[in-house]
>>> print(open('data12.pdb').read())   # PDB, C-alpha atoms
MODEL        1
ATOM      1  CA  MET A  74      83.685  45.924 -67.553
ATOM      2  CA  HIS A  75      85.215  48.594 -69.796
ATOM      3  CA  GLU A  76      88.084  47.291 -71.912
ATOM      4  CA  LEU A  77      90.584  49.716 -70.362
ATOM      5  CA  LEU A  78      89.498  48.711 -66.850
ATOM      6  CA  GLN A  79      90.090  45.090 -67.806
ATOM      7  CA  GLU A  80      93.587  46.059 -68.900
ATOM      8  CA  ILE A  81      94.173  47.868 -65.593
ATOM      9  CA  GLN A  82      92.956  44.736 -63.807
ATOM     10  CA  ARG A  83      95.429  42.565 -65.747
ATOM     11  CA  ALA A  84      98.223  45.119 -65.240
ATOM     12  CA  LEU A  85      97.682  45.191 -61.467
ATOM     13  CA  ALA A  86      97.418  41.393 -61.312
ATOM     14  CA  LEU A  87     100.747  41.178 -63.109
ATOM     15  CA  LEU A  88     102.652  44.088 -61.569
ATOM     16  CA  ASP A  89     101.110  44.528 -58.107
ATOM     17  CA  PRO A  90      99.103  41.515 -56.946
ATOM     18  CA  PRO A  91      98.071  41.287 -53.276
ATOM     19  CA  SER A  92     100.985  39.620 -51.522
ATOM     20  CA  GLU A  93     100.450  35.997 -50.526
ATOM     21  CA  ARG A  94     101.388  36.984 -46.985
ATOM     22  CA  SER A  95      98.565  39.517 -46.824
ATOM     23  CA  ALA A  96      96.011  37.046 -48.227
ATOM     24  CA  GLU A  97      97.136  34.499 -45.653
ATOM     25  CA  ALA A  98      96.808  37.095 -42.874
ATOM     26  CA  ALA A  99      93.294  37.973 -44.071
ATOM     27  CA  ARG A 100      92.180  34.336 -43.900
ATOM     28  CA  ALA A 101      93.892  33.832 -40.545
ATOM     29  CA  ALA A 102      92.171  36.880 -39.014
ATOM     30  CA  PHE A 103      89.061  34.747 -38.515
ATOM     31  CA  ALA A 104      90.843  32.744 -35.813
ATOM     32  CA  PHE A 105      90.742  35.856 -33.607
ATOM     33  CA  ARG A 106      86.934  35.828 -33.505
ATOM     34  CA  ASP A 107      85.960  36.442 -29.886
ATOM     35  CA  PRO A 108      82.232  37.212 -29.871
ATOM     36  CA  ASP A 109      81.923  37.171 -26.075
ATOM     37  CA  ALA A 110      84.503  39.872 -25.359
ATOM     38  CA  ALA A 111      83.486  43.487 -24.753
ATOM     39  CA  LEU A 112      85.045  45.768 -27.359
ATOM     40  CA  ALA A 113      86.896  48.954 -26.379
ATOM     41  CA  GLU A 114      87.127  51.182 -29.454
ATOM     42  CA  LEU A 115      89.993  53.528 -30.247
ATOM     43  CA  VAL A 116      88.807  57.044 -29.364
ATOM     44  CA  THR A 117      92.006  59.089 -29.488
ATOM     45  CA  SER A 118      95.399  58.536 -31.036
ATOM     46  CA  LEU A 119      98.031  61.200 -30.535
ATOM     47  CA  THR A 120     101.070  60.901 -32.722
ATOM     48  CA  PRO A 121     103.703  63.501 -31.880
ATOM     49  CA  ALA A 122     105.667  64.789 -34.842
ATOM     50  CA  ALA A 123     108.630  62.665 -33.855
ATOM     51  CA  ALA A 124     106.604  59.413 -33.822
ATOM     52  CA  GLY A 125     108.193  56.632 -35.781
ATOM     53  CA  LEU A 126     111.638  57.662 -34.629
ATOM     54  CA  ARG A 127     113.418  55.673 -31.994
ATOM     55  CA  GLY A 128     112.190  56.593 -28.550
ATOM     56  CA  ALA A 129     109.087  58.357 -29.877
ATOM     57  CA  ALA A 130     105.833  57.734 -28.053
ATOM     58  CA  ARG A 131     102.323  57.329 -29.358
ATOM     59  CA  LEU A 132      99.405  57.845 -26.997
ATOM     60  CA  LEU A 133      96.158  55.962 -27.526
ATOM     61  CA  THR A 134      92.886  55.760 -25.649
ATOM     62  CA  PHE A 135      90.342  52.970 -26.054
ATOM     63  CA  ALA A 136      86.885  53.212 -24.529
ATOM     64  CA  ALA A 137      84.040  50.828 -23.774
ATOM     65  CA  PRO A 138      80.829  51.985 -22.048
ATOM     66  CA  ASP A 139      82.212  51.603 -18.501
ATOM     67  CA  LEU A 140      85.934  51.311 -19.029
ATOM     68  CA  ARG A 141      88.972  52.990 -20.553
ATOM     69  CA  VAL A 142      92.365  51.750 -21.616
ATOM     70  CA  GLU A 143      95.143  54.319 -21.901
ATOM     71  CA  LEU A 144      98.192  53.164 -23.767
ATOM     72  CA  GLU A 145     101.608  54.583 -24.548
ATOM     73  CA  ALA A 146     103.575  52.839 -27.279
ATOM     74  CA  VAL A 147     107.286  53.605 -27.411
ATOM     75  CA  THR A 148     109.256  52.464 -30.433
ATOM     76  CA  GLY A 149     112.680  51.020 -29.665
ATOM     77  CA  THR A 150     115.280  49.990 -32.194
ATOM     78  CA  ARG A 151     113.198  47.092 -33.492
ATOM     79  CA  ARG A 152     110.406  46.376 -31.025
ATOM     80  CA  MET A 153     107.974  48.471 -29.015
ATOM     81  CA  SER A 154     107.243  48.681 -25.348
ATOM     82  CA  LEU A 155     103.666  49.309 -24.247
ATOM     83  CA  THR A 156     102.744  50.860 -20.933
ATOM     84  CA  GLY A 157      99.209  51.601 -19.923
ATOM     85  CA  ARG A 158      96.425  51.758 -17.452
ATOM     86  CA  LEU A 159      93.036  50.179 -17.184
ATOM     87  CA  THR A 160      90.366  52.373 -15.529
ATOM     88  CA  PRO A 161      88.528  51.796 -13.318
ATOM     89  CA  ALA A 162      91.584  50.093 -11.828
ATOM     90  CA  ARG A 163      91.374  46.332 -11.509
ATOM     91  CA  GLU A 164      93.639  43.320 -11.754
ATOM     92  CA  ALA A 165      93.580  41.387 -15.001
ATOM     93  CA  ARG A 166      95.637  39.088 -17.158
ATOM     94  CA  LEU A 167      96.761  40.889 -20.306
ATOM     95  CA  THR A 168      97.491  39.158 -23.604
ATOM     96  CA  VAL A 169      98.871  41.352 -26.377
ATOM     97  CA  ARG A 170      98.157  39.829 -29.795
ATOM     98  CA  HIS A 171     100.471  40.839 -32.637
ATOM     99  CA  ARG A 172     101.970  39.643 -35.876
ATOM    100  CA  LEU A 173     104.365  37.202 -34.201
ATOM    101  CA  GLY A 174     101.845  35.689 -31.803
ATOM    102  CA  GLU A 175     101.024  36.658 -28.249
ATOM    103  CA  THR A 176     102.794  38.275 -25.306
ATOM    104  CA  GLU A 177     101.378  37.988 -21.790
ATOM    105  CA  ALA A 178     101.643  40.339 -18.846
ATOM    106  CA  ALA A 179      99.903  41.087 -15.569
ATOM    107  CA  VAL A 180      97.766  44.130 -14.842
ATOM    108  CA  ASP A 181      98.294  45.114 -11.211
ATOM    109  CA  GLY A 182      95.714  46.279  -8.683
ATOM    110  CA  SER A 183      96.144  49.908  -9.734
ATOM    111  CA  GLY A 184      95.341  48.971 -13.343
ATOM    112  CA  PHE A 185      98.920  49.476 -14.537
ATOM    113  CA  PHE A 186     100.662  47.246 -17.067
ATOM    114  CA  LEU A 187     103.951  47.105 -18.975
ATOM    115  CA  VAL A 188     104.831  44.878 -21.938
ATOM    116  CA  ASP A 189     108.093  44.803 -23.883
ATOM    117  CA  GLY A 190     109.214  43.356 -27.176
ATOM    118  CA  ILE A 191     106.056  43.941 -29.237
ATOM    119  CA  PRO A 192     106.680  43.965 -33.011
ATOM    120  CA  ALA A 193     105.293  46.832 -35.103
ATOM    121  CA  GLY A 194     102.119  46.061 -37.035
ATOM    122  CA  PRO A 195      98.555  45.218 -36.046
ATOM    123  CA  VAL A 196      98.224  44.999 -32.255
ATOM    124  CA  MET A 197      95.299  44.147 -29.981
ATOM    125  CA  LEU A 198      95.059  43.954 -26.179
ATOM    126  CA  HIS A 199      92.965  41.249 -24.524
ATOM    127  CA  PHE A 200      92.196  41.638 -20.817
ATOM    128  CA  ALA A 201      90.892  38.614 -18.926
ATOM    129  CA  LEU A 202      89.184  39.825 -15.749
ATOM    130  CA  PRO A 203      89.041  37.762 -12.532
ATOM    131  CA  CYS A 204      85.241  37.519 -12.887
ATOM    132  CA  GLY A 205      85.692  35.566 -16.122
ATOM    133  CA  ALA A 206      84.633  38.363 -18.490
ATOM    134  CA  SER A 207      87.060  39.698 -21.073
ATOM    135  CA  ILE A 208      87.687  43.012 -22.782
ATOM    136  CA  VAL A 209      89.458  43.521 -26.094
ATOM    137  CA  THR A 210      90.689  46.723 -27.706
ATOM    138  CA  SER A 211      90.038  47.334 -31.389
ATOM    139  CA  TRP A 212      92.949  46.250 -33.579
ATOM    140  CA  THR A 213      95.323  49.118 -34.228
ATOM    141  CA  THR A 214      98.395  49.363 -36.410
ATOM    142  CA  LEU A 215     101.279  50.479 -34.218
TER     143      LEU A 215
ATOM    144  CA  MET B1285      80.219  30.672 -55.287
ATOM    145  CA  SER B1286      80.983  33.860 -53.416
ATOM    146  CA  ASP B1287      79.552  36.069 -56.160
ATOM    147  CA  LEU B1288      76.174  34.353 -55.930
ATOM    148  CA  VAL B1289      75.711  34.750 -52.186
ATOM    149  CA  ALA B1290      74.635  38.139 -50.825
ATOM    150  CA  PRO B1291      77.437  39.700 -48.752
ATOM    151  CA  GLY B1292      75.053  40.074 -45.819
ATOM    152  CA  ALA B1293      74.449  36.318 -45.795
ATOM    153  CA  LEU B1294      78.209  35.677 -45.751
ATOM    154  CA  VAL B1295      78.586  38.109 -42.843
ATOM    155  CA  ALA B1296      75.807  36.324 -40.915
ATOM    156  CA  ARG B1297      77.363  32.912 -41.519
ATOM    157  CA  ALA B1298      80.842  34.136 -40.567
ATOM    158  CA  ARG B1299      79.416  35.713 -37.405
ATOM    159  CA  ASP B1300      78.079  32.263 -36.505
ATOM    160  CA  GLY B1301      81.524  30.745 -36.972
ATOM    161  CA  ASP B1302      81.441  29.530 -40.599
ATOM    162  CA  ALA B1303      85.064  29.728 -41.745
ATOM    163  CA  ARG B1304      84.103  29.069 -45.385
ATOM    164  CA  ALA B1305      81.889  32.156 -45.382
ATOM    165  CA  TRP B1306      84.856  34.142 -44.058
ATOM    166  CA  GLU B1307      87.056  32.813 -46.844
ATOM    167  CA  ALA B1308      84.400  33.821 -49.371
ATOM    168  CA  LEU B1309      84.446  37.369 -47.952
ATOM    169  CA  VAL B1310      88.244  37.437 -48.194
ATOM    170  CA  ALA B1311      88.139  36.118 -51.770
ATOM    171  CA  ARG B1312      85.638  38.794 -52.737
ATOM    172  CA  TYR B1313      87.107  41.859 -51.022
ATOM    173  CA  HIS B1314      90.817  41.272 -50.438
ATOM    174  CA  PRO B1315      91.926  42.441 -53.907
ATOM    175  CA  MET B1316      89.867  45.625 -53.429
ATOM    176  CA  LEU B1317      91.469  46.339 -50.033
ATOM    177  CA  TRP B1318      94.935  45.742 -51.442
ATOM    178  CA  SER B1319      94.141  48.168 -54.266
ATOM    179  CA  ILE B1320      92.973  50.786 -51.769
ATOM    180  CA  ALA B1321      96.185  50.543 -49.751
ATOM    181  CA  ARG B1322      98.360  50.686 -52.861
ATOM    182  CA  ALA B1323      96.245  53.486 -54.366
ATOM    183  CA  TYR B1324      97.110  55.522 -51.280
ATOM    184  CA  GLY B1325     100.762  54.929 -52.094
ATOM    185  CA  LEU B1326     101.555  52.652 -49.142
ATOM    186  CA  PRO B1327     104.675  50.514 -49.580
ATOM    187  CA  LYS B1328     104.099  46.772 -49.444
ATOM    188  CA  ALA B1329     104.832  46.205 -45.748
ATOM    189  CA  ALA B1330     102.606  49.107 -44.669
ATOM    190  CA  ALA B1331      99.877  47.964 -47.088
ATOM    191  CA  GLU B1332     100.006  44.476 -45.557
ATOM    192  CA  ASP B1333      99.580  45.940 -42.057
ATOM    193  CA  ALA B1334      96.726  48.251 -43.063
ATOM    194  CA  VAL B1335      94.815  45.518 -44.890
ATOM    195  CA  GLN B1336      95.360  42.980 -42.106
ATOM    196  CA  THR B1337      94.142  45.491 -39.509
ATOM    197  CA  THR B1338      91.052  46.094 -41.662
ATOM    198  CA  TRP B1339      90.215  42.358 -41.719
ATOM    199  CA  LEU B1340      90.877  42.019 -37.981
ATOM    200  CA  ARG B1341      88.489  44.922 -37.362
ATOM    201  CA  LEU B1342      85.816  43.189 -39.421
ATOM    202  CA  VAL B1343      86.211  40.058 -37.273
ATOM    203  CA  GLN B1344      85.454  42.222 -34.237
ATOM    204  CA  HIS B1345      82.411  43.822 -35.875
ATOM    205  CA  LEU B1346      80.774  40.840 -37.586
ATOM    206  CA  GLY B1347      77.991  40.946 -35.005
ATOM    207  CA  ASP B1348      77.186  44.646 -35.105
ATOM    208  CA  LEU B1349      77.417  45.879 -38.716
ATOM    209  CA  ARG B1350      74.484  48.185 -39.411
ATOM    210  CA  SER B1351      74.172  47.075 -43.048
ATOM    211  CA  PRO B1352      75.734  43.635 -43.511
ATOM    212  CA  ASP B1353      75.001  43.756 -47.250
ATOM    213  CA  ALA B1354      77.161  46.888 -47.441
ATOM    214  CA  VAL B1355      80.122  45.119 -45.823
ATOM    215  CA  GLY B1356      82.213  46.044 -48.884
ATOM    216  CA  ALA B1357      81.703  49.749 -48.245
ATOM    217  CA  TRP B1358      82.392  49.193 -44.518
ATOM    218  CA  LEU B1359      85.681  47.481 -45.372
ATOM    219  CA  ALA B1360      86.570  50.238 -47.855
ATOM    220  CA  THR B1361      85.893  52.966 -45.265
ATOM    221  CA  THR B1362      87.855  51.134 -42.574
ATOM    222  CA  CYS B1363      90.782  50.591 -44.924
ATOM    223  CA  ARG B1364      90.747  54.257 -45.989
ATOM    224  CA  ARG B1365      90.954  55.339 -42.328
ATOM    225  CA  GLU B1366      93.970  53.049 -41.891
ATOM    226  CA  CYS B1367      95.681  54.238 -45.070
ATOM    227  CA  ALA B1368      94.886  57.938 -45.376
ATOM    228  CA  PRO B1369      97.112  59.066 -42.465
ATOM    229  CA  LEU B1370     100.008  57.173 -44.040
ATOM    230  CA  ALA B1371      99.299  58.245 -47.621
ATOM    231  CA  ARG B1372     102.092  59.665 -49.640
ATOM    232  CA  VAL B1373     102.366  60.761 -53.222
ATOM    233  CA  PRO B1374     103.124  57.565 -55.109
ATOM    234  CA  ALA B1375     106.830  57.446 -55.827
ATOM    235  CA  PRO B1376     108.114  56.140 -59.135
ATOM    236  CA  ARG B1377     107.822  52.374 -59.134
ATOM    237  CA  ASP B1378     110.745  50.517 -57.656
ATOM    238  CA  PRO B1379     111.732  48.054 -60.371
ATOM    239  CA  ALA B1380     112.651  45.567 -57.621
ATOM    240  CA  ASP B1381     108.980  45.680 -56.602
ATOM    241  CA  ASP B1382     107.912  44.245 -59.933
ATOM    242  CA  ALA B1383     107.573  40.574 -60.613
ATOM    243  CA  ASP B1384     110.441  39.122 -62.588
ATOM    244  CA  PRO B1385     109.338  39.288 -66.213
ATOM    245  CA  GLY B1386     111.339  36.185 -67.053
ATOM    246  CA  PRO B1387     111.766  34.883 -70.549
ATOM    247  CA  GLY B1388     108.581  34.297 -72.452
ATOM    248  CA  PRO B1389     107.118  33.931 -75.871
ATOM    249  CA  GLU B1390     106.798  37.019 -78.028
ATOM    250  CA  ALA B1391     103.057  37.404 -77.384
ATOM    251  CA  LEU B1392     103.607  37.456 -73.644
ATOM    252  CA  CYS B1393     106.164  40.238 -73.982
ATOM    253  CA  VAL B1394     103.830  42.293 -76.163
ATOM    254  CA  GLU B1395     101.043  41.861 -73.616
ATOM    255  CA  ARG B1396     103.391  42.743 -70.769
ATOM    256  CA  ASP B1397     104.669  45.790 -72.604
ATOM    257  CA  ARG B1398     101.127  46.990 -73.171
ATOM    258  CA  LEU B1399     100.148  46.418 -69.519
ATOM    259  CA  SER B1400     103.280  48.221 -68.306
ATOM    260  CA  ARG B1401     102.310  51.214 -70.441
ATOM    261  CA  VAL B1402      98.775  51.099 -69.016
ATOM    262  CA  ALA B1403     100.203  50.993 -65.471
ATOM    263  CA  ALA B1404     102.571  53.885 -66.184
ATOM    264  CA  ALA B1405      99.738  55.932 -67.718
ATOM    265  CA  LEU B1406      97.620  55.161 -64.660
ATOM    266  CA  GLU B1407     100.325  56.492 -62.337
ATOM    267  CA  SER B1408     100.678  59.655 -64.415
ATOM    268  CA  LEU B1409      97.009  60.606 -63.882
ATOM    269  CA  PRO B1410      96.153  63.344 -61.392
ATOM    270  CA  GLU B1411      94.385  62.009 -58.295
ATOM    271  CA  PRO B1412      91.747  60.912 -57.596
ATOM    272  CA  CYS B1413      91.613  59.511 -61.153
ATOM    273  CA  GLY B1414      94.331  56.913 -60.679
ATOM    274  CA  ARG B1415      92.774  55.724 -57.434
ATOM    275  CA  ILE B1416      89.249  55.594 -58.870
ATOM    276  CA  LEU B1417      90.318  53.504 -61.864
ATOM    277  CA  ARG B1418      92.429  51.133 -59.739
ATOM    278  CA  LEU B1419      89.487  50.467 -57.462
ATOM    279  CA  LEU B1420      86.983  50.007 -60.287
ATOM    280  CA  ALA B1421      89.422  47.557 -61.880
ATOM    281  CA  ALA B1422      89.480  45.696 -58.542
ATOM    282  CA  THR B1423      85.701  45.259 -59.046
ATOM    283  CA  ALA B1424      84.751  47.751 -56.364
ATOM    284  CA  SER B1425      81.176  49.057 -56.689
ATOM    285  CA  TYR B1426      80.529  52.820 -56.952
ATOM    286  CA  ALA B1427      79.505  52.808 -53.270
ATOM    287  CA  GLU B1428      82.747  51.038 -52.324
ATOM    288  CA  VAL B1429      84.871  53.424 -54.395
ATOM    289  CA  ALA B1430      83.122  56.364 -52.738
ATOM    290  CA  ALA B1431      83.728  54.850 -49.289
ATOM    291  CA  ALA B1432      87.360  54.074 -50.049
ATOM    292  CA  LEU B1433      88.167  57.576 -51.239
ATOM    293  CA  GLY B1434      85.751  59.675 -49.189
ATOM    294  CA  LEU B1435      83.824  60.853 -52.281
ATOM    295  CA  ALA B1436      80.106  61.477 -52.770
ATOM    296  CA  PRO B1437      78.573  58.264 -54.183
ATOM    297  CA  GLY B1438      76.918  60.197 -57.030
ATOM    298  CA  SER B1439      80.253  61.551 -58.201
ATOM    299  CA  VAL B1440      81.876  58.202 -59.002
ATOM    300  CA  GLY B1441      79.980  57.472 -62.236
ATOM    301  CA  PRO B1442      80.805  60.804 -63.886
ATOM    302  CA  ALA B1443      84.385  60.597 -62.575
ATOM    303  CA  ARG B1444      84.760  57.130 -64.115
ATOM    304  CA  ALA B1445      83.982  58.442 -67.591
ATOM    305  CA  ARG B1446      86.205  61.502 -67.156
ATOM    306  CA  CYS B1447      89.123  59.461 -65.788
ATOM    307  CA  LEU B1448      88.902  56.810 -68.512
ATOM    308  CA  GLY B1449      89.095  59.693 -71.021
ATOM    309  CA  LYS B1450      92.231  60.999 -69.319
ATOM    310  CA  LEU B1451      93.790  57.543 -69.317
ATOM    311  CA  LYS B1452      93.106  57.162 -73.042
ATOM    312  CA  ALA B1453      94.714  60.531 -73.654
ATOM    313  CA  ALA B1454      97.747  59.541 -71.556
ATOM    314  CA  LEU B1455      98.067  56.400 -73.673
ATOM    315  CA  GLY B1456      97.883  58.515 -76.821
ATOM    316  CA  GLU B1457      94.633  56.899 -77.942
TER     317      GLU B1457
ENDMDL
END
>>> encode(input="data12.pdb", output="structure tokens")
Amino acid sequence: MHELLQEIQRALALLDPPSERSAEAARAAFAFRDPDAALAELVTSLTPAAAGLRGAARLLTFAAPDLRVELEAVTGTRRMSLTGRLTPAREARLTVRHRLGETEAAVDGSGFFLVDGIPAGPVMLHFALPCGASIVTSWTTL
Amino acid sequence: MSDLVAPGALVARARDGDARAWEALVARYHPMLWSIARAYGLPKAAAEDAVQTTWLRLVQHLGDLRSPDAVGAWLATTCRRECAPLARVPAPRDPADDADPGPGPEALCVERDRLSRVAAALESLPEPCGRILRLLAATASYAEVAAALGLAPGSVGPARARCLGKLKAALGE
């Protein structure tokens, strides 16, 4: 490596190393491996100009081949509330995974769900269907 | 160990549940991802979120990467997509962000002084030079730098030489 690049490497290691918390989170990510779940990818993310302010909403859509998840994230003073709909409509058990752990909620027969108290940061929705299959959304920073 | 094993082999082992292979991937690429997030000017908390989301995405895609040996470029692209919408012009460094220099022997202070000047010179460079050099210093390959910054792969080599020249000039060398 070029001598100056080596100096940059030492400078960054000294002045701006990856935080221990982020390295820990990277290692811990492996625990969320769920190879059997169908993955719904983020296809649209609308962030109105006021997003990030209290009460601002962000609209997201996740899609798998035969399913969609529409999600509205509203930022409160410290936590977010998530409302959304699973289509085609079906009952499911929803687990929202986030930086502080997991929050559970029910998806009703019309596919509607509501979850409060979600901390900002990486968020993923896991739907357990009555048939035993599961669907996960791609991780998204909210 | 991790440098001797092809990235694609680590991806395959991690896909099959080998936690040590995952840790080897983290050891190899985490500093690069952190550099990408910081090169885009994200503050620490936002950089932590962006990098964590990038790793969580890789967990979801271990089984369907098109080129497992290019997992570094995949991570760099994913991280760029997380960071770019949040990018801001890097603000002057917050001194509170820096590690406490602490007392130390003379040689340590000289070294630290030199590295601080290198870091300041780096931040004074017009983009994408600062970002390119940060990523190369984080041992990113040309393909990974290109993926991280959305550049043509063939442009990274020439840019490296040009940017190192600018850094030397900024250091008065």
>>> interface_residues(input="data12.pdb", of="chain A", to="chain B", cutoff="9 Å", atoms="only C-alpha atoms", output="PDB file with C-alpha atoms, in the frame of the given file")
ATOM      1  CA  MET A  74      83.685  45.924 -67.553  1.00  0.00           C
ATOM      2  CA  LEU A  77      90.584  49.716 -70.362  1.00  0.00           C
ATOM      3  CA  LEU A  78      89.498  48.711 -66.850  1.00  0.00           C
ATOM      4  CA  GLN A  79      90.090  45.090 -67.806  1.00  0.00           C
ATOM      5  CA  GLU A  80      93.587  46.059 -68.900  1.00  0.00           C
ATOM      6  CA  ILE A  81      94.173  47.868 -65.593  1.00  0.00           C
ATOM      7  CA  GLN A  82      92.956  44.736 -63.807  1.00  0.00           C
ATOM      8  CA  ARG A  83      95.429  42.565 -65.747  1.00  0.00           C
ATOM      9  CA  ALA A  84      98.223  45.119 -65.240  1.00  0.00           C
ATOM     10  CA  LEU A  85      97.682  45.191 -61.467  1.00  0.00           C
ATOM     11  CA  LEU A  87     100.747  41.178 -63.109  1.00  0.00           C
ATOM     12  CA  LEU A  88     102.652  44.088 -61.569  1.00  0.00           C
ATOM     13  CA  ASP A  89     101.110  44.528 -58.107  1.00  0.00           C
ATOM     14  CA  PRO A  90      99.103  41.515 -56.946  1.00  0.00           C
ATOM     15  CA  PRO A  91      98.071  41.287 -53.276  1.00  0.00           C
ATOM     16  CA  SER A  92     100.985  39.620 -51.522  1.00  0.00           C
ATOM     17  CA  ARG A  94     101.388  36.984 -46.985  1.00  0.00           C
ATOM     18  CA  SER A  95      98.565  39.517 -46.824  1.00  0.00           C
ATOM     19  CA  ALA A  96      96.011  37.046 -48.227  1.00  0.00           C
ATOM     20  CA  ALA A  98      96.808  37.095 -42.874  1.00  0.00           C
ATOM     21  CA  ALA A  99      93.294  37.973 -44.071  1.00  0.00           C
ATOM     22  CA  ARG A 100      92.180  34.336 -43.900  1.00  0.00           C
ATOM     23  CA  ALA A 102      92.171  36.880 -39.014  1.00  0.00           C
ATOM     24  CA  PHE A 103      89.061  34.747 -38.515  1.00  0.00           C
ATOM     25  CA  ALA A 104      90.843  32.744 -35.813  1.00  0.00           C
ATOM     26  CA  PHE A 105      90.742  35.856 -33.607  1.00  0.00           C
ATOM     27  CA  ARG A 106      86.934  35.828 -33.505  1.00  0.00           C
ATOM     28  CA  ASP A 107      85.960  36.442 -29.886  1.00  0.00           C
ATOM     29  CA  PRO A 108      82.232  37.212 -29.871  1.00  0.00           C
ATOM     30  CA  LEU A 112      85.045  45.768 -27.359  1.00  0.00           C
ATOM     31  CA  GLY A 194     102.119  46.061 -37.035  1.00  0.00           C
ATOM     32  CA  PRO A 195      98.555  45.218 -36.046  1.00  0.00           C
ATOM     33  CA  VAL A 196      98.224  44.999 -32.255  1.00  0.00           C
ATOM     34  CA  SER A 211      90.038  47.334 -31.389  1.00  0.00           C
ATOM     35  CA  TRP A 212      92.949  46.250 -33.579  1.00  0.00           C
ATOM     36  CA  THR A 213      95.323  49.118 -34.228  1.00  0.00           C
ATOM     37  CA  THR A 214      98.395  49.363 -36.410  1.00  0.00           C
TER      38      THR A 214
END
>>> resolve_selection(input="data12.pdb", expression="the PyMOL selection byres ((chain B and resi 1364) around 12)", output="ChimeraX atom specification")
/B:1316-1326,1331,1334-1335,1337-1338,1357-1363,1365-1371,1415,1428-1435
>>> resolve_selection(input="data12.pdb", expression="the PyMOL selection byres ((chain A and resi 185) around 9)", output="number ranges by chain")
A: 156-159, 162-164, 179-184, 186-187
>>> atom_distance(input="data12.pdb", atom1="CA of Thr176 in chain A", atom2="CA of Asp189 in chain A")
8.5 Å
>>> resolve_selection(input="data12.pdb", expression="the PyMOL selection byres ((chain B and resi 1289-1293) around 8)", output="tab-separated table (two decimals) with C-alpha atoms, in the coordinates of the input")
chain	number	residue	atom	x	y	z
B	1285	MET	CA	80.22	30.67	-55.29
B	1286	SER	CA	80.98	33.86	-53.42
B	1287	ASP	CA	79.55	36.07	-56.16
B	1288	LEU	CA	76.17	34.35	-55.93
B	1294	LEU	CA	78.21	35.68	-45.75
B	1295	VAL	CA	78.59	38.11	-42.84
B	1296	ALA	CA	75.81	36.32	-40.92
B	1297	ARG	CA	77.36	32.91	-41.52
B	1309	LEU	CA	84.45	37.37	-47.95
B	1351	SER	CA	74.17	47.08	-43.05
B	1352	PRO	CA	75.73	43.64	-43.51
B	1353	ASP	CA	75.00	43.76	-47.25
B	1354	ALA	CA	77.16	46.89	-47.44
B	1355	VAL	CA	80.12	45.12	-45.82
B	1356	GLY	CA	82.21	46.04	-48.88
>>> atom_distance(input="data12.pdb", atom1="CA of Pro203 in chain A", atom2="CA of Ala146 in chain A")
25.6 Å
>>> axis_aligned_box(input="data12.pdb", around="range 154-158 of chain A", padding_each_side="4 Å", output="lines of an AutoDock Vina configuration file")
center_x = 101.8
center_y = 50.2
center_z = -21.4
size_x = 18.8
size_y = 11.1
size_z = 15.9
>>> atom_distance(input="data12.pdb", atom1="CA of Ser207 in chain A", atom2="CA of Ala113 in chain A")
10.7 Å
>>> residues_near_point(input="data12.pdb", point="(98.8, 40.2, -23.1)", cutoff="8 Å", atoms="all atoms listed in the file", output="ChimeraX atom specification")
/A:166-170,175-179,188,198-200
>>> residues_near_point(input="data12.pdb", point="(103.0, 52.6, -24.9)", cutoff="9 Å", atoms="all atoms listed in the file", output="list of chain:residue names")
A:Ala130, A:Arg131, A:Leu132, A:Leu133, A:Glu143, A:Leu144, A:Glu145, A:Ala146, A:Val147, A:Thr148, A:Met153, A:Ser154, A:Leu155, A:Thr156, A:Gly157, A:Leu187, A:Val188
>>> residues_around(input="data12.pdb", residues="Asp109 in chain A", least_positions_apart="4", cutoff="10 Å", atoms="all atoms listed in the file", output="PyMOL selection string")
chain A and resi 206-209
>>> build_atoms(input="data12.pdb", residues="range 111-119 of chain A", atoms="N, CA and C atoms", output="short mmCIF file (atom, residue, chain, number, x, y, z; two decimals), keeping the file's coordinate frame")
data_model
loop_
_atom_site.label_atom_id
_atom_site.label_comp_id
_atom_site.auth_asym_id
_atom_site.auth_seq_id
_atom_site.Cartn_x
_atom_site.Cartn_y
_atom_site.Cartn_z
N ALA A 111 83.93 42.10 -24.58
CA ALA A 111 83.49 43.49 -24.75
C ALA A 111 84.56 44.23 -25.55
N LEU A 112 84.11 45.08 -26.47
CA LEU A 112 85.04 45.77 -27.36
C LEU A 112 85.27 47.20 -26.91
N ALA A 113 86.54 47.57 -26.68
CA ALA A 113 86.90 48.95 -26.38
C ALA A 113 87.45 49.57 -27.66
N GLU A 114 86.74 50.57 -28.18
CA GLU A 114 87.13 51.18 -29.45
C GLU A 114 88.18 52.26 -29.26
N LEU A 115 89.00 52.45 -30.27
CA LEU A 115 89.99 53.53 -30.25
C LEU A 115 89.25 54.86 -30.32
N VAL A 116 89.47 55.74 -29.33
CA VAL A 116 88.81 57.04 -29.36
C VAL A 116 89.79 58.19 -29.61
N THR A 117 91.03 58.06 -29.12
CA THR A 117 92.01 59.09 -29.49
C THR A 117 93.34 58.43 -29.77
N SER A 118 94.07 59.02 -30.70
CA SER A 118 95.40 58.54 -31.04
C SER A 118 96.26 59.75 -31.31
N LEU A 119 97.16 60.04 -30.38
CA LEU A 119 98.03 61.20 -30.54
C LEU A 119 99.39 60.74 -31.02
#
